[in-house]
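J.: Sending over a structure as structure tokens; questions will come in a sec.
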Amino acid sequence: MSSERSGEQVELQVGDEVLKVRSGERLIDICEHHLTCLTFSCRSASCGTCAIVVEQGMENLSPMDGLEAIVVEEVSEGRPNVRLACQVRVLGSACVRPLS
Amino acid sequence: MDQVDPVDKLLRRQIKLFEHAHRTPLELKGLGLTMKQEGIDKSKLYCNPDFLLLPLRECPHLSKLRPEQLSVLTAYYFARAYSEIATSESVALRYNMEASAAVFPLYSDNYMVLFHETAEEFDHIITFRNVCQALLGRGDVIGGDFFPHLKAVPVMLERYRGKLCNNGFGSMYLLMRYILNLALKQLEGFMTAGLDEKVASPLALRIVAGHAEDEARHLTTSLELGLGLFRRATPRSREIISGAMRITMYSMIDKRFSGDAAATWNFETGLGVLQRALQHPEFADFPLRAEALRDLWASEGIAIPAGAEFERSRRWIAGQLNRLAESMELALTPQGEAFERYLAYARGTTPFPEDTARKA
């Protein structure tokens, strides 16, 4: 169950980088603003470029919808806890890293 | 180890995405028709004015624009963007099925990926023709006569058609299509970013969002299928495609990455839109024409401001071009300020002040 506190500052770790971010923001926007090590392309859950592995805090991310699930099934190759950064809203502290 | 062919894998995903999209289809035509009935809503903005690369705050004349004039200016930019996008999509109408038939069995699932995309392009072009009628008063501003740089794509494809194997022809077309996709997404993906929803035209935002969703799938097909077919092509075809892509990418970098925003293609576009908007009745009392304004900016030392959204759009497109170059193992080696700037964006070594401030 997510612990949404929209606008509150939370800690997000992307790879080796620890960021203080506002909850409710899209992960891809956070990474774009902070120039972190995450590539993206379509921003619309179609290409899978921005696939991430969630190492901690899956419960603090927005839930997955049907479109994202289709692409995750294809790009994850069976690995667990894979999400698309373009679809994820960060609702609480989490730790993620690029899939590739 | 993954034994699935990358092309087959991509096509399997695209088929699922198309099925998903068409279970809850969003045809854009209705939005275009509604916009056609409403015309320009002068209480709303159609894109972020800062994305036009005009000195809207710095110029003594533009800084006094009334909200209605700003609305017309942004509406013209919106229409201009979509007339260019529709022209680009007209190229897709001509070549999607040719490329698909060259590499896949007729009406196979794989063939149908480009078939679905073609159907969506028809929907888009009809929509954008209505947008142009609504905002510019005419729908015939779609075509190569208005966007000569897009005419070069079919010319190049026809020049090399007989020299490429079938996979090579499909690859060259799709990779050229990817370059066009990048150009249109630099407009669509960023021109309404940062715009307050309270002042934005709701119809414009819905058209942007609806088209962006379709285009996301098309972008993926262009890149991944284009690269997959490239790897299946003969060495001679790969050599031809690499040469053509290098030339296209150099040209794109040269026109978009100068540190002087006034030297970019994007500024020329903004200036062209201003030129056209100044002919609108809302600008009847405006004291200068576009060329006189440009001379004034030069004589007064008024710089063309590259806004945050424009800079983000350049960072995005640099990343995509770099990814393409790496995937195709293309060595890009031109010299010059624009190329150096492109590399800096692609490598993420040009942080903006607000990004630095937001670091933890």
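Letters A, B, ... go to the chains of the structure tokens in the order shown; residues in each chain start at 1; ligands are counted from 1 in the same order.
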Contacts of Gly226 of chain B at 7 Å or less, counting only C-alpha atoms, minus same-chain residues fewer than 3 places along, as a PDB file with C-alpha atoms, in the first residue's frame?

T.:
```pdb
ATOM      1  CA  GLY B 170      13.018  -1.058 -44.926  1.00  0.00           C
ATOM      2  CA  SER B 171      15.789  -0.034 -42.570  1.00  0.00           C
ATOM      3  CA  LEU B 174      12.435   3.506 -40.867  1.00  0.00           C
ATOM      4  CA  LEU B 175      15.629   5.157 -39.649  1.00  0.00           C
ATOM      5  CA  SER B 222      10.982   3.417 -36.286  1.00  0.00           C
ATOM      6  CA  LEU B 223      14.043   2.949 -34.113  1.00  0.00           C
ATOM      7  CA  LEU B 229      16.460  -4.554 -40.305  1.00  0.00           C
ATOM      8  CA  PHE B 230      19.785  -2.689 -40.496  1.00  0.00           C
TER       9      PHE B 230
END
```

J.: Mind listing the alpha helix (DSSP H) residues of chain A, per DSSP on the backbone, as a PyMOL selection string?

T.: chain A and resi 27-34+66-76

J.: Take the residues from that selection and put them in a file with C-alpha atoms, as a PDB file, in the first residue's frame.

T.:
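selection-v1.pdb, written as the output of this step:
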```
ATOM      1  CA  LEU A  27      10.323   9.517 -11.908  1.00  0.00           C
ATOM      2  CA  ILE A  28      11.349  10.359 -15.477  1.00  0.00           C
ATOM      3  CA  ASP A  29      10.848  14.089 -14.816  1.00  0.00           C
ATOM      4  CA  ILE A  30      12.951  13.851 -11.671  1.00  0.00           C
ATOM      5  CA  CYS A  31      15.735  12.105 -13.562  1.00  0.00           C
ATOM      6  CA  GLU A  32      15.558  14.598 -16.418  1.00  0.00           C
ATOM      7  CA  HIS A  33      15.833  17.571 -14.072  1.00  0.00           C
ATOM      8  CA  HIS A  34      18.695  16.041 -12.142  1.00  0.00           C
ATOM      9  CA  GLY A  66      -2.178  -2.117 -18.412  1.00  0.00           C
ATOM     10  CA  LEU A  67       0.010  -0.386 -20.963  1.00  0.00           C
ATOM     11  CA  GLU A  68       3.044  -0.391 -18.698  1.00  0.00           C
ATOM     12  CA  ALA A  69       2.412  -4.040 -17.818  1.00  0.00           C
ATOM     13  CA  ILE A  70       2.552  -5.037 -21.500  1.00  0.00           C
ATOM     14  CA  VAL A  71       5.948  -3.421 -22.018  1.00  0.00           C
ATOM     15  CA  VAL A  72       7.351  -4.562 -18.668  1.00  0.00           C
ATOM     16  CA  GLU A  73       6.422  -8.159 -19.508  1.00  0.00           C
ATOM     17  CA  GLU A  74       8.478  -7.879 -22.704  1.00  0.00           C
ATOM     18  CA  VAL A  75      11.506  -5.983 -21.424  1.00  0.00           C
ATOM     19  CA  SER A  76      11.919  -7.539 -17.978  1.00  0.00           C
TER      20      SER A  76
END
```

J.: What does the distance between atom CA of Asn110 of chain B and atom CA of Leu11 of chain B come to in Å, to one decimal place?

T.: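 So the two atoms, atom CA of Asn110 of chain B and atom CA of Leu11 of chain B, lie 6.1 Å apart.
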
J.: Go ahead and compute the interatomic distance for atom CA of Leu203 of chain B and atom CA of Gly139 of chain B, in Å to one decimal.

T.: 18.0 Å

J.: Please determine the contact residues of chain A with respect to chain B at a cut-off of 6 Å, counting only C-alpha atoms, and supply them as a PDB file with N, CA, C and O atoms, in the first residue's frame.

T.:
```
ATOM      1  N   LEU A  19      18.799  11.606  -4.130  1.00  0.00           N
ATOM      2  CA  LEU A  19      18.147  12.884  -4.415  1.00  0.00           C
ATOM      3  C   LEU A  19      17.066  13.155  -3.380  1.00  0.00           C
ATOM      4  O   LEU A  19      16.418  12.225  -2.895  1.00  0.00           O
ATOM      5  N   LYS A  20      16.883  14.420  -3.064  1.00  0.00           N
ATOM      6  CA  LYS A  20      15.713  14.825  -2.281  1.00  0.00           C
ATOM      7  C   LYS A  20      14.687  15.325  -3.292  1.00  0.00           C
ATOM      8  O   LYS A  20      14.960  16.267  -4.043  1.00  0.00           O
ATOM      9  N   HIS A  33      15.411  16.335 -14.738  1.00  0.00           N
ATOM     10  CA  HIS A  33      15.833  17.571 -14.072  1.00  0.00           C
ATOM     11  C   HIS A  33      17.198  17.417 -13.413  1.00  0.00           C
ATOM     12  O   HIS A  33      17.985  18.349 -13.389  1.00  0.00           O
ATOM     13  N   HIS A  34      17.446  16.246 -12.882  1.00  0.00           N
ATOM     14  CA  HIS A  34      18.695  16.041 -12.142  1.00  0.00           C
ATOM     15  C   HIS A  34      19.808  15.449 -12.997  1.00  0.00           C
ATOM     16  O   HIS A  34      20.899  15.189 -12.488  1.00  0.00           O
ATOM     17  N   CYS A  42      10.342   7.620 -25.354  1.00  0.00           N
ATOM     18  CA  CYS A  42       8.991   7.983 -25.792  1.00  0.00           C
ATOM     19  C   CYS A  42       8.172   8.654 -24.692  1.00  0.00           C
ATOM     20  O   CYS A  42       7.238   9.366 -24.977  1.00  0.00           O
ATOM     21  N   SER A  44       5.935   7.469 -22.979  1.00  0.00           N
ATOM     22  CA  SER A  44       4.534   7.035 -23.030  1.00  0.00           C
ATOM     23  C   SER A  44       4.365   5.538 -22.883  1.00  0.00           C
ATOM     24  O   SER A  44       3.435   4.962 -23.440  1.00  0.00           O
ATOM     25  N   SER A  46       5.832   2.996 -24.148  1.00  0.00           N
ATOM     26  CA  SER A  46       5.843   2.187 -25.361  1.00  0.00           C
ATOM     27  C   SER A  46       7.199   1.605 -25.710  1.00  0.00           C
ATOM     28  O   SER A  46       7.266   0.543 -26.315  1.00  0.00           O
ATOM     29  N   CYS A  47       8.268   2.297 -25.352  1.00  0.00           N
ATOM     30  CA  CYS A  47       9.572   1.855 -25.861  1.00  0.00           C
ATOM     31  C   CYS A  47      10.351   0.993 -24.867  1.00  0.00           C
ATOM     32  O   CYS A  47      11.194   0.199 -25.283  1.00  0.00           O
TER      33      CYS A  47
END
```

J.: State, in Å with one decimal place, the distance from atom CA of Phe40 of chain A to atom CA of Ile253 of chain B.

T.: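 So the two atoms, atom CA of Phe40 of chain A and atom CA of Ile253 of chain B, lie 19.6 Å apart.
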
J.: Run DSSP on the backbone and grab whatever in segment 18-50 of chain A lands in strand (DSSP E); send it over as a PyMOL selection string.

T.: chain A and resi 18-22

J.: Can you tell me, as a VMD selection string, what residues are no more than 8 Å from Ile85 of chain B when counting only C-alpha atoms, ignoring any on the same chain fewer than 4 positions away?

T.: chain B and resid 81 89 184

J.: For all heavy atoms, I'd like the residues from the last selection saved as a tab-separated table (two decimals), in the first residue's frame.

T.:
```tsv
chain	number	residue	atom	x	y	z
B	81	ALA	N	3.35	23.84	-36.28
B	81	ALA	CA	3.95	22.59	-35.83
B	81	ALA	C	3.20	21.40	-36.41
B	81	ALA	O	3.80	20.45	-36.93
B	81	ALA	CB	3.96	22.52	-34.30
B	89	GLU	N	4.06	12.99	-41.82
B	89	GLU	CA	3.24	11.78	-41.81
B	89	GLU	C	2.78	11.40	-43.22
B	89	GLU	O	2.49	10.24	-43.50
B	89	GLU	CB	2.06	11.98	-40.85
B	89	GLU	CG	2.56	12.11	-39.41
B	89	GLU	CD	1.47	12.19	-38.37
B	89	GLU	OE1	0.39	12.72	-38.70
B	89	GLU	OE2	1.70	11.73	-37.25
B	184	LEU	N	9.70	15.92	-34.85
B	184	LEU	CA	8.33	16.29	-34.46
B	184	LEU	C	8.14	16.18	-32.95
B	184	LEU	O	7.42	16.99	-32.34
B	184	LEU	CB	7.29	15.47	-35.23
B	184	LEU	CG	7.01	14.01	-34.90
B	184	LEU	CD1	5.99	13.91	-33.78
B	184	LEU	CD2	6.45	13.33	-36.14
```

J.: With distances taken over only C-alpha atoms, which residue among B:Gly336, B:Asp8, B:Gly259, B:Thr87 lies nearest Gly144 of chain B?

T.: B:Thr87

J.: Which residue out of A:Glu8, A:Glu77, A:Asp65, A:Asp16 has the minimum interatomic distance to Cys37 of chain A when only C-alpha atoms are used?

T.: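 Looking only at the distances to Cys37 of chain A, the closest residue turns out to be A:Asp16.
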
J.: Using only C-alpha atoms, determine which residues lie at most 9 Å from Phe147 of chain B, disregarding the query and same-chain residues fewer than 4 positions distant; provide the list as a list of chain:residue names.

T.: B:Glu84, B:Thr87, B:Ser88, B:Ile142, B:Gly143, B:Lys151

J.: For the selection you just gave me, I'd like the residues written to a file as a PDB file, in the first residue's frame, keeping N, CA, C and O atoms.

T.:
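Contents of the output file selection.pdb:
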```
ATOM      1  N   GLU B  84       3.621  20.798 -40.146  1.00  0.00           N
ATOM      2  CA  GLU B  84       4.891  20.114 -40.437  1.00  0.00           C
ATOM      3  C   GLU B  84       4.792  18.625 -40.068  1.00  0.00           C
ATOM      4  O   GLU B  84       5.251  17.763 -40.815  1.00  0.00           O
ATOM      5  N   THR B  87       2.870  16.851 -42.673  1.00  0.00           N
ATOM      6  CA  THR B  87       3.674  16.668 -43.893  1.00  0.00           C
ATOM      7  C   THR B  87       4.611  15.477 -43.724  1.00  0.00           C
ATOM      8  O   THR B  87       4.759  14.637 -44.630  1.00  0.00           O
ATOM      9  N   SER B  88       5.212  15.388 -42.544  1.00  0.00           N
ATOM     10  CA  SER B  88       6.086  14.261 -42.249  1.00  0.00           C
ATOM     11  C   SER B  88       5.290  12.951 -42.310  1.00  0.00           C
ATOM     12  O   SER B  88       5.763  11.936 -42.839  1.00  0.00           O
ATOM     13  N   ILE B 142      -0.261  21.891 -45.721  1.00  0.00           N
ATOM     14  CA  ILE B 142       0.434  20.638 -45.437  1.00  0.00           C
ATOM     15  C   ILE B 142       1.054  20.157 -46.742  1.00  0.00           C
ATOM     16  O   ILE B 142       0.355  20.040 -47.742  1.00  0.00           O
ATOM     17  N   GLY B 143       2.354  19.901 -46.760  1.00  0.00           N
ATOM     18  CA  GLY B 143       2.985  19.387 -47.980  1.00  0.00           C
ATOM     19  C   GLY B 143       4.406  19.877 -48.139  1.00  0.00           C
ATOM     20  O   GLY B 143       4.842  20.819 -47.482  1.00  0.00           O
ATOM     21  N   LYS B 151      10.915  17.134 -48.165  1.00  0.00           N
ATOM     22  CA  LYS B 151      10.936  16.601 -49.533  1.00  0.00           C
ATOM     23  C   LYS B 151      12.189  15.752 -49.758  1.00  0.00           C
ATOM     24  O   LYS B 151      12.205  14.855 -50.592  1.00  0.00           O
TER      25      LYS B 151
END
```

J.: Applying 9 Å and only C-alpha atoms, which residues near Val14 of chain A remain after dropping the ones on its own chain fewer than 4 positions away? List them as a PyMOL selection string.

T.: chain A and resi 18-19+31+36-38+94-98

J.: Store the residues picked out above in a file with C-alpha atoms, as a short mmCIF file (atom, residue, chain, number, x, y, z; two decimals), in the first residue's frame.

T.:
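The file below, part-v2.cif, is the result:
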```cif
data_model
loop_
_atom_site.label_atom_id
_atom_site.label_comp_id
_atom_site.auth_asym_id
_atom_site.auth_seq_id
_atom_site.Cartn_x
_atom_site.Cartn_y
_atom_site.Cartn_z
CA VAL A 18 20.67 10.15 -3.67
CA LEU A 19 18.15 12.88 -4.41
CA CYS A 31 15.73 12.11 -13.56
CA THR A 36 20.78 11.28 -13.57
CA CYS A 37 21.89 8.10 -15.28
CA LEU A 38 18.56 7.13 -16.80
CA ALA A 94 12.59 4.38 -2.87
CA CYS A 95 15.77 3.01 -4.40
CA VAL A 96 15.90 2.23 -8.12
CA ARG A 97 18.51 1.51 -10.77
CA PRO A 98 18.42 1.32 -14.57
#
```
